[in-house]
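Asks: Sending over a structure as structure tokens; questions will come in a sec.
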Amino acid sequence: MLNPEQIAAANASLRDQSPLEVVRWALAQSNGTAIVSTNFRPYEAVVLHLVTRVQPDIRVLWVDHGYNRPATYLHAEDLRRRLGLNLQPFLPRMTAAHRDAIHGPIPTTEQEAALKDFSTVMKLEPFQRGMRELAPSVWITALRRVQNPNRAELDIVSPDTNFNTLKVSPVFDWSDAQMQAYLDEHGLPNEWDYFDPAKADDKRECGLHAAWGGKALAQ
């Protein structure tokens, strides 16, 4: 893990680099242990295409919580075939049907505590299991500054205390228009029917990139 001074220097040097150059930098830091995570939400194909251009066999961590819509599963399979993804799926210990039968419908944004409990069981625990098993030194993500206020406080390179790894976000400063332009340039598909039940709202965090997620996993 880089120290704070090294992370600040990395962000300063990468600020004017292209996302592809950021990916190359990230992989050079990883000693062959990098992963990229995905949930196959809109524009995820951009980062998946970028990383597989540099390292085609990079491990792709996907938490399939069981609540994805059919279009998202079809999109995931399409990208797996197109990009030859080395997909590493991790599933909750409880199926979606089992969870709904015991606990009822997915909590809403008005049920904050219940929604965090839902996220911990159906998303954070399998993600933590995946991170333990894959043991990456570098975690490449599709995080972007514009996605929500919490992410605006992060940077291209940041230490991740929840999973004790270096988090690198190559498209951190890209707009939706830039992401769409990349998809168009490379003939990549997008997926607009995506829904994350662990957030229930795009402006919320599911816990993967927030301090409360680490606390929930420690319990």
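Ordering of the structure tokens sets the chain letters (A, B, ...), residue numbers begin anew at 1 in every chain, and ligands are numbered from 1 in the order given.
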Show which residues sit within 10 Å of Asp57 of chain A, as a list in words. Count only C-alpha atoms, and ignore same-chain residues fewer than 3 positions away.
Replies: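 Contacts, in chain order: Ile35, Val51, Thr52, Arg53, Val54, Val60, Leu83, Gly84, Leu85, Asn86 and Leu87 of chain A.
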Asks: Write a file of the selected residues as a CSV table (one decimal), in the first residue's frame, keeping C-alpha atoms.
Replies:
chain,number,residue,atom,x,y,z
A,35,ILE,CA,-8.6,-7.1,-9.9
A,51,VAL,CA,-8.4,-3.0,-18.4
A,52,THR,CA,-8.7,-6.0,-20.7
A,53,ARG,CA,-6.8,-4.0,-23.4
A,54,VAL,CA,-3.8,-4.0,-21.0
A,60,VAL,CA,-13.2,-9.5,-12.7
A,83,LEU,CA,-14.2,-9.1,-23.9
A,84,GLY,CA,-13.3,-12.6,-22.8
A,85,LEU,CA,-13.8,-11.6,-19.2
A,86,ASN,CA,-12.2,-13.7,-16.5
A,87,LEU,CA,-15.3,-13.3,-14.5
Asks: Just want the 9 Å neighbourhood of segment 119-136 of chain A, counted on only C-alpha atoms, with same-chain residues fewer than 4 positions away dropped. Output as number ranges by chain.
Replies: A: 30, 32-35, 59, 61-66, 88-96, 99, 114-115, 162-163, 165-166, 197-199, 206-208, 213-214, 216-217
Asks: Assign secondary structure with DSSP using the backbone only, and return the residues of segment 22-191 of chain A in strand (DSSP E or B) as a VMD selection string.
Replies: chain A and resid 35 to 38 59 to 63 86 to 90 138 to 140 157 to 160 165 to 168
Asks: Hey, which of A:Asn3, A:Asn39, A:Asn31, A:Ser18 ends up closest to Tyr194 of chain A? Count only C-alpha atoms.
Replies: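 Selected residue with least distance to Tyr194 of chain A: A:Asn39.
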Asks: Can you work out which one of A:Ser37, A:Gln111, A:Gln180, A:Asn68 has the shortest atom-to-atom distance to Phe195 of chain A, counting only C-alpha atoms?
Replies: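 The closest residue to Phe195 of chain A is A:Asn68.
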Asks: Run DSSP on the backbone of this structure and report the residues of segment 7-190 of chain A it assigns to alpha helix (DSSP H), as an MDAnalysis selection string.
Replies: chainID A and resid 7:14 19:29 44:54 70:83 96:103 112:119 125:134 176:186
Asks: Can you pull out every residue within 12 Å of segment 184-190 of chain A, counting only C-alpha atoms, but drop anything in the same chain fewer than 6 positions away, and send it as an NGL selection string?
Replies: :A and (40-50 or 53 or 71-72 or 74-80 or 82-83 or 176-178)
Asks: Val36 of chain A: which residues within 6 Å, counting only C-alpha atoms, same-chain residues fewer than 2 positions away excluded, as a PyMOL selection string?
Replies: chain A and resi 60+139-141
Asks: Generate the output file for the selected residues, C-alpha atoms, as a JSON list (two decimals), in the first residue's frame.
Replies:
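The new file result03.json reads:
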[["chain", "number", "residue", "atom", "x", "y", "z"],
["A", 60, "VAL", "CA", -13.22, -9.48, -12.67],
["A", 139, "TRP", "CA", -8.53, -2.74, -6.97],
["A", 140, "ILE", "CA", -9.59, -1.03, -10.21],
["A", 141, "THR", "CA", -13.08, 0.48, -10.14]]
Asks: Pick the closest to Ile58 of chain A from A:Ile106, A:Ala97, A:Val138, A:Ala8: which is it, counting only C-alpha atoms?
Replies: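 Selected residue with least distance to Ile58 of chain A: A:Val138.
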Asks: Just want the 12 Å neighbourhood of Gln17 of chain A, counted on only C-alpha atoms, with same-chain residues fewer than 6 positions away dropped. Output as a list of chain:residue names.
Replies: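 The filter keeps A:Ala10, A:Asn11, A:Val23, A:Arg24, A:Trp25, A:Ile156, A:Pro170, A:Val171, A:Phe172, A:Asp173, A:Trp174.
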Asks: Kindly save the residues from that selection, with C-alpha atoms included, as a compact mmCIF listing (two decimals), in the first residue's frame.
Replies:
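Wrote out_32.txt, looks like this:
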# COMPACT_ATOMS: atom_id res chain seq x y z
CA ALA A 10 0.36 9.62 -7.85
CA ASN A 11 -2.84 11.64 -8.13
CA VAL A 23 -4.82 1.52 -15.99
CA ARG A 24 -1.24 0.81 -17.08
CA TRP A 25 0.06 2.60 -13.97
CA ILE A 156 -8.18 8.64 -8.97
CA PRO A 170 -9.26 5.42 -14.19
CA VAL A 171 -12.40 7.30 -15.35
CA PHE A 172 -12.87 9.19 -12.09
CA ASP A 173 -13.06 12.60 -13.80
CA TRP A 174 -15.00 11.56 -16.91
